[in-house]
Amino acid sequence: MPSSPDLKQMLEGLIAIPSISSVKPELDQGNLKVIQLLAKWLDTMGFSCEILPLPNNPDKANLIATLGEGPGGLVLAGHTDTVPYDEGRWKHDPFKLIEQDNRFYGLGTSDMKSFLGMAIEAVNRLESKSFHHPLIILATADEESSMDGARELVRLGKPKARYAVIGEPTGMKPIHAHKGMMMESIRLIGKAGHSSDPALGNNAIKGMHKVLGVIESWQNELQMQHQNPLFHVPYPTINLGHIHGGDNPNRICGECEMYIDIRPLPGMDITALQEELQQRVFNSVKLTGLELEIRHLMKGVQAMNTNIDSAIVKTAESLTRHSTEAAAYSTEGPFLNELGMDTIILGPGAIEQAHQPDEFLHLNTINPMISILQGLIKKFCLKQ
């Protein structure tokens with residue numbers, strides 16, 4: 001079977017292609033060139049490659065690359081996009097793989113282009129390639145902004161497999177559960193007027209003060225009602241991330257907007273929370289005469305909770321020699337679970353490196369991670 005370039009060459013190629021995704025259109029980029037490069041390498045290795053552009057965005061695509069046939073199977077998944085970078089804070093070129101101080105530097109080295117290169121390298125290093133169940137390498141778009149790549153996979157109902165590993169940076173410790181995520185905008189529209197007479201307007205900041213009290217009370221209720229000791233912060237959180245209203249101290253504020261971030265625990269439904277937020281905020285301002293608008297800043301992501309008795313969890317614990325844990329961040333895991341796969345999060349690198357200037361990956365994590373991936377492939381794909 002022909003092989004791909006060596007691992008360092010693959011990482012150089014992946015890091016060199018900008019693939020930033022952002023909610024800001026001026027920063028947002030496509031990932032298609034990354035997908036095409038991965039497909040080129042995987043095709044030479046005998047994988048059957050399917051490139052799936054996102055609807056209405058031909059510059060963004062998912063890749064499903066399959067080797068072997070049969071029921072069941074294992075997905076090794078990673079997103080191909082990165083976050084934007086702070087140009088003035090990087091000492092290294094973010095789009096050039098730099099080896100220094102026993103580290104690889106570059107945008108995406110930790111989060112998480114390197115994992116895709118390691119997945120390919122793990123296959124290259126296998127002595128036996130007698131597949132009893134398929135191995136699927138899955139590369140996705142837009143995880144860092146909208147998760148539209150994963151949402152499109154759910155819409156299409158593919159890929160199909162029994163187990164999945166998402167290679168987000170976890171320090172090579174398996175994660176079987178994480179919190180969900182929802183981001184909402186609350187906007188109140190009143191009436192501006194001269195500050196000398198409150199009757200001349202309707203102050204939106206005063207209305208938002210009522211909203212703040214309701215949200216704080218709701219947060220306290222949620223934290224009393226929902227507890228999970230698996231998590232470092234064992235309750236759901238609501239973060240008040242942005243607020244702006246008015247334009248001058250001598251004008252009654254005619255408009256005020258606030259952004260909030262909610263991180264629910266497993267078992268808490270995103271849609272139900274959005275409806276509850278809508279009702280509570282509406283009730284707080286319904287007698288004020290203010291106009292209320294609530295919109296999603298992004299579509300919500302459900303929490304993930306894979307059964308700790310699943311074979312993928314037990315095998316990962318055995319290979320890594322670490323007990324499974326829970327995390328506060330969100331991933332594409334819930335979408336793969338929705339497709340019928342028991343999913344864990346397990347990858348090289350540290351979450352502390354994600355989204356940071358001079359992002360890096362320790363070189364001493366590479367071979368251990370490849371060995372873990374080979375162990376997973378042998379367990380779930382190869383004939384024993």
# chains A, B, ... in the order shown; residues from 1 in each chain; ligands from 1
>>> closest_atom_pairs(of="segment 310-352 of chain A", to="segment 218-231 of chain A", cutoff="9 Å", atoms="only C-alpha atoms", output="CSV")
residue,atom,partner,partner_atom,distance
A:Glu325,CA,A:Leu230,CA,7.1
A:Ala326,CA,A:Phe231,CA,5.6
A:Ala327,CA,A:Phe231,CA,6.4
A:Ala328,CA,A:Phe231,CA,7.1
>>> residues_around(residues="segment 58-66 of chain A", least_positions_apart="5", cutoff="10 Å", atoms="only C-alpha atoms", output="compact mmCIF listing (two decimals) with C-alpha atoms, in the first residue's frame")
# COMPACT_ATOMS: atom_id res chain seq x y z
CA SER A 19 -8.26 27.77 7.39
CA SER A 21 -13.25 30.09 10.81
CA GLN A 29 -11.94 31.49 5.52
CA GLY A 30 -12.63 28.19 3.79
CA ASN A 31 -11.02 24.84 4.61
CA LEU A 32 -11.39 23.16 1.21
CA LYS A 33 -7.65 23.22 0.42
CA VAL A 34 -6.91 21.40 3.69
CA ILE A 35 -9.59 18.81 2.88
CA GLN A 36 -8.22 18.30 -0.62
CA LEU A 38 -5.85 15.20 3.24
CA ALA A 39 -7.88 13.43 0.55
CA LEU A 42 -5.51 9.20 1.99
CA ASP A 43 -6.41 8.28 -1.58
CA GLY A 46 -6.26 3.10 -0.46
CA PHE A 47 -8.92 5.06 1.42
CA SER A 48 -12.18 5.75 -0.34
CA CYS A 49 -12.54 9.54 -0.04
CA GLU A 50 -15.79 11.51 -0.11
CA ILE A 51 -15.57 15.31 -0.07
CA LEU A 52 -18.83 16.89 1.08
CA PRO A 53 -19.11 20.67 0.55
CA GLY A 73 -15.91 0.40 12.69
CA LEU A 74 -14.00 3.30 14.19
CA VAL A 75 -13.98 7.00 13.32
CA LEU A 76 -10.91 9.13 14.03
CA ALA A 77 -12.19 12.69 13.75
CA HIS A 79 -11.72 19.64 12.64
CA THR A 80 -9.60 21.33 10.00
CA ASP A 81 -10.34 24.94 10.92
CA PRO A 134 -13.81 -0.10 8.62
CA LEU A 135 -11.54 2.70 9.76
CA ILE A 136 -12.90 6.14 8.93
CA ILE A 137 -10.85 9.32 9.08
CA LEU A 138 -13.25 12.24 9.38
CA ALA A 139 -12.18 15.85 8.84
CA THR A 140 -14.73 18.60 9.46
CA ALA A 141 -15.33 22.28 8.80
CA ASP A 142 -16.31 25.21 11.03
CA ASP A 148 -21.95 23.61 10.70
CA GLY A 149 -19.70 20.82 9.45
CA ALA A 150 -20.88 18.45 12.17
CA GLU A 152 -24.30 18.78 8.06
CA LEU A 153 -23.06 15.28 8.84
CA LYS A 158 -23.09 9.88 7.80
CA PRO A 159 -20.60 8.49 8.56
>>> residues_around(residues="segment 203-212 of chain A", least_positions_apart="3", cutoff="9 Å", atoms="only C-alpha atoms", output="ChimeraX atom specification")
/A:186-193,198,215-217,240,244-246,252-258,280-282,284-285,288,290
>>> closest_residue(among="A:Arg89, A:Arg151, A:His133, A:His296", to="Tyr163 of chain A", atoms="only C-alpha atoms")
A:His133
>>> residues_around(residues="Leu14 of chain A", least_positions_apart="6", cutoff="10 Å", atoms="only C-alpha atoms", output="list in words")
Lys8, Lys33, Val34, Ile35, Leu37, Leu38, Thr80, Phe95, Lys96, Leu97, Gly106, Leu107, Gly108, Thr109, Lys113, Ser114, Leu116 and Gly117 of chain A
>>> write_last_selection(atoms="N, CA and C atoms", output="PDB file, in the first residue's frame")
ATOM      1  N   LYS A   8       6.194  14.818   9.685  1.00  0.00           N
ATOM      2  CA  LYS A   8       6.574  16.233   9.719  1.00  0.00           C
ATOM      3  C   LYS A   8       6.168  16.936   8.429  1.00  0.00           C
ATOM      4  N   LYS A  33      -8.999  23.608   0.808  1.00  0.00           N
ATOM      5  CA  LYS A  33      -7.650  23.217   0.419  1.00  0.00           C
ATOM      6  C   LYS A  33      -7.049  22.222   1.412  1.00  0.00           C
ATOM      7  N   VAL A  34      -7.375  22.370   2.691  1.00  0.00           N
ATOM      8  CA  VAL A  34      -6.910  21.396   3.687  1.00  0.00           C
ATOM      9  C   VAL A  34      -7.556  20.043   3.422  1.00  0.00           C
ATOM     10  N   ILE A  35      -8.852  20.046   3.168  1.00  0.00           N
ATOM     11  CA  ILE A  35      -9.591  18.813   2.884  1.00  0.00           C
ATOM     12  C   ILE A  35      -9.024  18.116   1.646  1.00  0.00           C
ATOM     13  N   LEU A  37      -6.011  18.332   0.429  1.00  0.00           N
ATOM     14  CA  LEU A  37      -4.684  17.791   0.714  1.00  0.00           C
ATOM     15  C   LEU A  37      -4.786  16.482   1.484  1.00  0.00           C
ATOM     16  N   LEU A  38      -5.639  16.438   2.486  1.00  0.00           N
ATOM     17  CA  LEU A  38      -5.849  15.196   3.237  1.00  0.00           C
ATOM     18  C   LEU A  38      -6.362  14.088   2.311  1.00  0.00           C
ATOM     19  N   THR A  80     -10.698  20.789  10.802  1.00  0.00           N
ATOM     20  CA  THR A  80      -9.598  21.327  10.003  1.00  0.00           C
ATOM     21  C   THR A  80      -9.482  22.844  10.102  1.00  0.00           C
ATOM     22  N   PHE A  95       1.748  30.179  10.229  1.00  0.00           N
ATOM     23  CA  PHE A  95       1.492  29.270   9.106  1.00  0.00           C
ATOM     24  C   PHE A  95       2.761  28.562   8.642  1.00  0.00           C
ATOM     25  N   LYS A  96       3.742  28.489   9.512  1.00  0.00           N
ATOM     26  CA  LYS A  96       4.962  27.749   9.221  1.00  0.00           C
ATOM     27  C   LYS A  96       5.283  26.864  10.412  1.00  0.00           C
ATOM     28  N   LEU A  97       5.429  25.559  10.164  1.00  0.00           N
ATOM     29  CA  LEU A  97       5.761  24.639  11.250  1.00  0.00           C
ATOM     30  C   LEU A  97       7.209  24.884  11.678  1.00  0.00           C
ATOM     31  N   GLY A 106       2.981  26.443  15.635  1.00  0.00           N
ATOM     32  CA  GLY A 106       2.178  26.756  14.464  1.00  0.00           C
ATOM     33  C   GLY A 106       0.700  26.759  14.810  1.00  0.00           C
ATOM     34  N   LEU A 107      -0.088  27.514  14.055  1.00  0.00           N
ATOM     35  CA  LEU A 107      -1.522  27.612  14.298  1.00  0.00           C
ATOM     36  C   LEU A 107      -2.200  26.303  13.902  1.00  0.00           C
ATOM     37  N   GLY A 108      -2.732  25.596  14.883  1.00  0.00           N
ATOM     38  CA  GLY A 108      -3.362  24.299  14.641  1.00  0.00           C
ATOM     39  C   GLY A 108      -2.524  23.124  15.079  1.00  0.00           C
ATOM     40  N   THR A 109      -1.324  23.376  15.630  1.00  0.00           N
ATOM     41  CA  THR A 109      -0.488  22.257  16.064  1.00  0.00           C
ATOM     42  C   THR A 109      -1.141  21.502  17.218  1.00  0.00           C
ATOM     43  N   LYS A 113      -4.959  20.288  13.943  1.00  0.00           N
ATOM     44  CA  LYS A 113      -4.556  19.675  12.678  1.00  0.00           C
ATOM     45  C   LYS A 113      -3.574  18.527  12.878  1.00  0.00           C
ATOM     46  N   SER A 114      -2.740  18.622  13.916  1.00  0.00           N
ATOM     47  CA  SER A 114      -1.732  17.575  14.129  1.00  0.00           C
ATOM     48  C   SER A 114      -2.360  16.204  14.325  1.00  0.00           C
ATOM     49  N   LEU A 116      -4.906  14.894  12.882  1.00  0.00           N
ATOM     50  CA  LEU A 116      -5.225  14.264  11.600  1.00  0.00           C
ATOM     51  C   LEU A 116      -3.973  13.672  10.965  1.00  0.00           C
ATOM     52  N   GLY A 117      -2.846  14.389  11.067  1.00  0.00           N
ATOM     53  CA  GLY A 117      -1.592  13.833  10.579  1.00  0.00           C
ATOM     54  C   GLY A 117      -1.190  12.582  11.340  1.00  0.00           C
TER      55      GLY A 117
END
>>> residues_around(residues="Ile344 of chain A", least_positions_apart="4", cutoff="8 Å", atoms="only C-alpha atoms", output="JSON, numbers by chain")
{"A": [164, 165, 166, 174, 175, 176, 177, 306, 312, 313, 333]}
>>> write_last_selection(atoms="N, CA and C atoms", output="mmCIF file, in the first residue's frame")
data_model
loop_
_atom_site.group_PDB
_atom_site.id
_atom_site.type_symbol
_atom_site.label_atom_id
_atom_site.label_comp_id
_atom_site.auth_asym_id
_atom_site.auth_seq_id
_atom_site.Cartn_x
_atom_site.Cartn_y
_atom_site.Cartn_z
ATOM 1 N N ALA A 164 -16.192 6.330 17.974
ATOM 2 C CA ALA A 164 -15.517 7.499 17.428
ATOM 3 C C ALA A 164 -14.600 8.115 18.469
ATOM 4 N N VAL A 165 -13.484 8.646 17.984
ATOM 5 C CA VAL A 165 -12.529 9.390 18.810
ATOM 6 C C VAL A 165 -12.307 10.740 18.144
ATOM 7 N N ILE A 166 -12.508 11.801 18.894
ATOM 8 C CA ILE A 166 -12.240 13.156 18.412
ATOM 9 C C ILE A 166 -10.942 13.625 19.072
ATOM 10 N N PRO A 174 -8.575 10.400 28.283
ATOM 11 C CA PRO A 174 -9.887 10.265 27.648
ATOM 12 C C PRO A 174 -10.961 11.091 28.350
ATOM 13 N N ILE A 175 -11.787 11.739 27.550
ATOM 14 C CA ILE A 175 -12.924 12.527 28.038
ATOM 15 C C ILE A 175 -14.205 11.878 27.508
ATOM 16 N N HIS A 176 -15.098 11.513 28.413
ATOM 17 C CA HIS A 176 -16.342 10.877 27.967
ATOM 18 C C HIS A 176 -17.547 11.806 28.099
ATOM 19 N N ALA A 177 -17.384 12.941 28.761
ATOM 20 C CA ALA A 177 -18.516 13.845 28.979
ATOM 21 C C ALA A 177 -18.027 15.288 28.943
ATOM 22 N N THR A 306 -21.033 10.025 27.134
ATOM 23 C CA THR A 306 -20.921 8.652 26.649
ATOM 24 C C THR A 306 -20.797 7.709 27.836
ATOM 25 N N ILE A 312 -15.293 1.711 23.964
ATOM 26 C CA ILE A 312 -14.332 2.736 23.551
ATOM 27 C C ILE A 312 -13.738 3.432 24.770
ATOM 28 N N VAL A 313 -14.551 3.648 25.788
ATOM 29 C CA VAL A 313 -14.054 4.276 27.018
ATOM 30 C C VAL A 313 -13.088 3.348 27.731
ATOM 31 N N GLY A 333 -18.543 16.114 19.632
ATOM 32 C CA GLY A 333 -18.937 14.818 20.171
ATOM 33 C C GLY A 333 -20.430 14.547 20.187
#
>>> closest_residue(among="A:Ile372, A:Gly72, A:Thr44, A:Leu67", to="Ser318 of chain A", atoms="only C-alpha atoms")
A:Ile372
>>> residues_around(residues="Asp111 of chain A", least_positions_apart="5", cutoff="9 Å", atoms="only C-alpha atoms", output="ChimeraX atom specification")
/A:79,81-83,167-169,349-351,353-355,359
>>> write_last_selection(atoms="N, CA and C atoms", output="mmCIF file, in the first residue's frame")
data_model
loop_
_atom_site.group_PDB
_atom_site.id
_atom_site.type_symbol
_atom_site.label_atom_id
_atom_site.label_comp_id
_atom_site.auth_asym_id
_atom_site.auth_seq_id
_atom_site.Cartn_x
_atom_site.Cartn_y
_atom_site.Cartn_z
ATOM 1 N N HIS A 79 -11.304 18.489 13.448
ATOM 2 C CA HIS A 79 -11.716 19.635 12.643
ATOM 3 C C HIS A 79 -10.498 20.265 11.983
ATOM 4 N N ASP A 81 -10.397 23.487 10.781
ATOM 5 C CA ASP A 81 -10.337 24.937 10.922
ATOM 6 C C ASP A 81 -9.594 25.323 12.199
ATOM 7 N N THR A 82 -9.148 26.565 12.243
ATOM 8 C CA THR A 82 -8.521 27.118 13.445
ATOM 9 C C THR A 82 -9.248 28.406 13.817
ATOM 10 N N VAL A 83 -8.946 28.894 15.004
ATOM 11 C CA VAL A 83 -9.437 30.213 15.403
ATOM 12 C C VAL A 83 -8.569 31.283 14.743
ATOM 13 N N GLY A 167 -9.977 14.010 18.253
ATOM 14 C CA GLY A 167 -8.630 14.253 18.769
ATOM 15 C C GLY A 167 -8.362 15.650 19.276
ATOM 16 N N GLU A 168 -9.330 16.274 19.936
ATOM 17 C CA GLU A 168 -9.085 17.573 20.575
ATOM 18 C C GLU A 168 -7.982 17.418 21.627
ATOM 19 N N PRO A 169 -7.281 18.504 21.960
ATOM 20 C CA PRO A 169 -6.187 18.401 22.931
ATOM 21 C C PRO A 169 -6.695 18.096 24.339
ATOM 22 N N GLY A 349 -1.488 17.246 22.902
ATOM 23 C CA GLY A 349 -1.572 18.672 23.172
ATOM 24 C C GLY A 349 -2.352 18.958 24.430
ATOM 25 N N ALA A 350 -2.341 20.214 24.818
ATOM 26 C CA ALA A 350 -3.009 20.652 26.049
ATOM 27 C C ALA A 350 -4.049 21.699 25.705
ATOM 28 N N ILE A 351 -5.203 21.636 26.361
ATOM 29 C CA ILE A 351 -6.254 22.616 26.107
ATOM 30 C C ILE A 351 -5.776 24.021 26.440
ATOM 31 N N GLN A 353 -3.088 25.274 25.512
ATOM 32 C CA GLN A 353 -2.426 25.798 24.324
ATOM 33 C C GLN A 353 -3.417 26.245 23.254
ATOM 34 N N ALA A 354 -4.627 25.732 23.320
ATOM 35 C CA ALA A 354 -5.620 26.063 22.305
ATOM 36 C C ALA A 354 -5.932 27.557 22.338
ATOM 37 N N HIS A 355 -5.998 28.162 21.167
ATOM 38 C CA HIS A 355 -6.402 29.564 20.992
ATOM 39 C C HIS A 355 -5.384 30.546 21.566
ATOM 40 N N GLU A 359 1.017 28.900 19.644
ATOM 41 C CA GLU A 359 0.472 27.564 19.921
ATOM 42 C C GLU A 359 1.514 26.508 19.569
#
>>> select_by_dssp(residues="segment 204-340 of chain A", states="strand (DSSP E)", output="ChimeraX atom specification")
/A:237-245,251-252,255-263,291-301,304-305,325-327
>>> select_by_dssp(residues="segment 55-181 of chain A", states="alpha helix (DSSP H)", output="MDAnalysis selection string")
chainID A and resid 113:124 148:156
>>> write_last_selection(atoms="N, CA and C atoms", output="PDB file, in the first residue's frame")
ATOM      1  N   LYS A 113      -4.959  20.288  13.943  1.00  0.00           N
ATOM      2  CA  LYS A 113      -4.556  19.675  12.678  1.00  0.00           C
ATOM      3  C   LYS A 113      -3.574  18.527  12.878  1.00  0.00           C
ATOM      4  N   SER A 114      -2.740  18.622  13.916  1.00  0.00           N
ATOM      5  CA  SER A 114      -1.732  17.575  14.129  1.00  0.00           C
ATOM      6  C   SER A 114      -2.360  16.204  14.325  1.00  0.00           C
ATOM      7  N   PHE A 115      -3.529  16.162  14.955  1.00  0.00           N
ATOM      8  CA  PHE A 115      -4.176  14.872  15.202  1.00  0.00           C
ATOM      9  C   PHE A 115      -4.470  14.150  13.891  1.00  0.00           C
ATOM     10  N   LEU A 116      -4.906  14.894  12.882  1.00  0.00           N
ATOM     11  CA  LEU A 116      -5.225  14.264  11.600  1.00  0.00           C
ATOM     12  C   LEU A 116      -3.973  13.672  10.965  1.00  0.00           C
ATOM     13  N   GLY A 117      -2.846  14.389  11.067  1.00  0.00           N
ATOM     14  CA  GLY A 117      -1.592  13.833  10.579  1.00  0.00           C
ATOM     15  C   GLY A 117      -1.190  12.582  11.340  1.00  0.00           C
ATOM     16  N   MET A 118      -1.385  12.583  12.651  1.00  0.00           N
ATOM     17  CA  MET A 118      -1.037  11.414  13.470  1.00  0.00           C
ATOM     18  C   MET A 118      -1.935  10.229  13.151  1.00  0.00           C
ATOM     19  N   ALA A 119      -3.216  10.493  12.868  1.00  0.00           N
ATOM     20  CA  ALA A 119      -4.119   9.397  12.499  1.00  0.00           C
ATOM     21  C   ALA A 119      -3.638   8.719  11.218  1.00  0.00           C
ATOM     22  N   ILE A 120      -3.211   9.516  10.240  1.00  0.00           N
ATOM     23  CA  ILE A 120      -2.686   8.949   8.998  1.00  0.00           C
ATOM     24  C   ILE A 120      -1.392   8.191   9.275  1.00  0.00           C
ATOM     25  N   GLU A 121      -0.517   8.763  10.090  1.00  0.00           N
ATOM     26  CA  GLU A 121       0.752   8.115  10.413  1.00  0.00           C
ATOM     27  C   GLU A 121       0.525   6.800  11.154  1.00  0.00           C
ATOM     28  N   ALA A 122      -0.484   6.765  12.007  1.00  0.00           N
ATOM     29  CA  ALA A 122      -0.787   5.524  12.733  1.00  0.00           C
ATOM     30  C   ALA A 122      -1.119   4.399  11.766  1.00  0.00           C
ATOM     31  N   VAL A 123      -1.858   4.718  10.707  1.00  0.00           N
ATOM     32  CA  VAL A 123      -2.179   3.710   9.696  1.00  0.00           C
ATOM     33  C   VAL A 123      -0.922   3.303   8.938  1.00  0.00           C
ATOM     34  N   ASN A 124      -0.086   4.277   8.591  1.00  0.00           N
ATOM     35  CA  ASN A 124       1.154   3.973   7.877  1.00  0.00           C
ATOM     36  C   ASN A 124       2.042   2.996   8.640  1.00  0.00           C
ATOM     37  N   ASP A 148     -21.100  23.948  11.845  1.00  0.00           N
ATOM     38  CA  ASP A 148     -21.949  23.607  10.704  1.00  0.00           C
ATOM     39  C   ASP A 148     -21.474  22.348   9.988  1.00  0.00           C
ATOM     40  N   GLY A 149     -20.171  22.055  10.053  1.00  0.00           N
ATOM     41  CA  GLY A 149     -19.696  20.815   9.453  1.00  0.00           C
ATOM     42  C   GLY A 149     -20.313  19.601  10.110  1.00  0.00           C
ATOM     43  N   ALA A 150     -20.293  19.571  11.431  1.00  0.00           N
ATOM     44  CA  ALA A 150     -20.881  18.451  12.168  1.00  0.00           C
ATOM     45  C   ALA A 150     -22.400  18.414  11.991  1.00  0.00           C
ATOM     46  N   ARG A 151     -23.026  19.569  11.966  1.00  0.00           N
ATOM     47  CA  ARG A 151     -24.480  19.608  11.774  1.00  0.00           C
ATOM     48  C   ARG A 151     -24.858  19.032  10.404  1.00  0.00           C
ATOM     49  N   GLU A 152     -24.029  19.307   9.385  1.00  0.00           N
ATOM     50  CA  GLU A 152     -24.305  18.781   8.057  1.00  0.00           C
ATOM     51  C   GLU A 152     -24.161  17.259   8.029  1.00  0.00           C
ATOM     52  N   LEU A 153     -23.207  16.730   8.765  1.00  0.00           N
ATOM     53  CA  LEU A 153     -23.060  15.276   8.839  1.00  0.00           C
ATOM     54  C   LEU A 153     -24.312  14.635   9.434  1.00  0.00           C
ATOM     55  N   VAL A 154     -24.864  15.244  10.479  1.00  0.00           N
ATOM     56  CA  VAL A 154     -26.094  14.718  11.077  1.00  0.00           C
ATOM     57  C   VAL A 154     -27.233  14.773  10.060  1.00  0.00           C
ATOM     58  N   ARG A 155     -27.318  15.877   9.326  1.00  0.00           N
ATOM     59  CA  ARG A 155     -28.371  16.000   8.314  1.00  0.00           C
ATOM     60  C   ARG A 155     -28.258  14.897   7.260  1.00  0.00           C
ATOM     61  N   LEU A 156     -27.015  14.579   6.864  1.00  0.00           N
ATOM     62  CA  LEU A 156     -26.788  13.558   5.852  1.00  0.00           C
ATOM     63  C   LEU A 156     -26.869  12.137   6.418  1.00  0.00           C
TER      64      LEU A 156
END
>>> atom_distance(atom1="atom CA of Arg103 of chain A", atom2="atom CA of Thr320 of chain A")
21.3 Å
>>> closest_residue(among="A:Ile15, A:Ile20, A:Ala161, A:Met182", to="Gly68 of chain A", atoms="only C-alpha atoms")
A:Ala161
>>> atom_distance(atom1="atom CA of Ser195 of chain A", atom2="atom CA of Gly241 of chain A")
27.7 Å
>>> closest_residue(among="A:Thr237, A:Ser146, A:Asn57, A:Gln100", to="Asp358 of chain A", atoms="only C-alpha atoms")
A:Gln100
>>> atom_distance(atom1="atom CA of Glu332 of chain A", atom2="atom CA of Met181 of chain A")
11.3 Å
>>> closest_residue(among="A:Ser371, A:Ser196, A:Asn337, A:Asn364", to="Gly157 of chain A", atoms="only C-alpha atoms")
A:Asn337
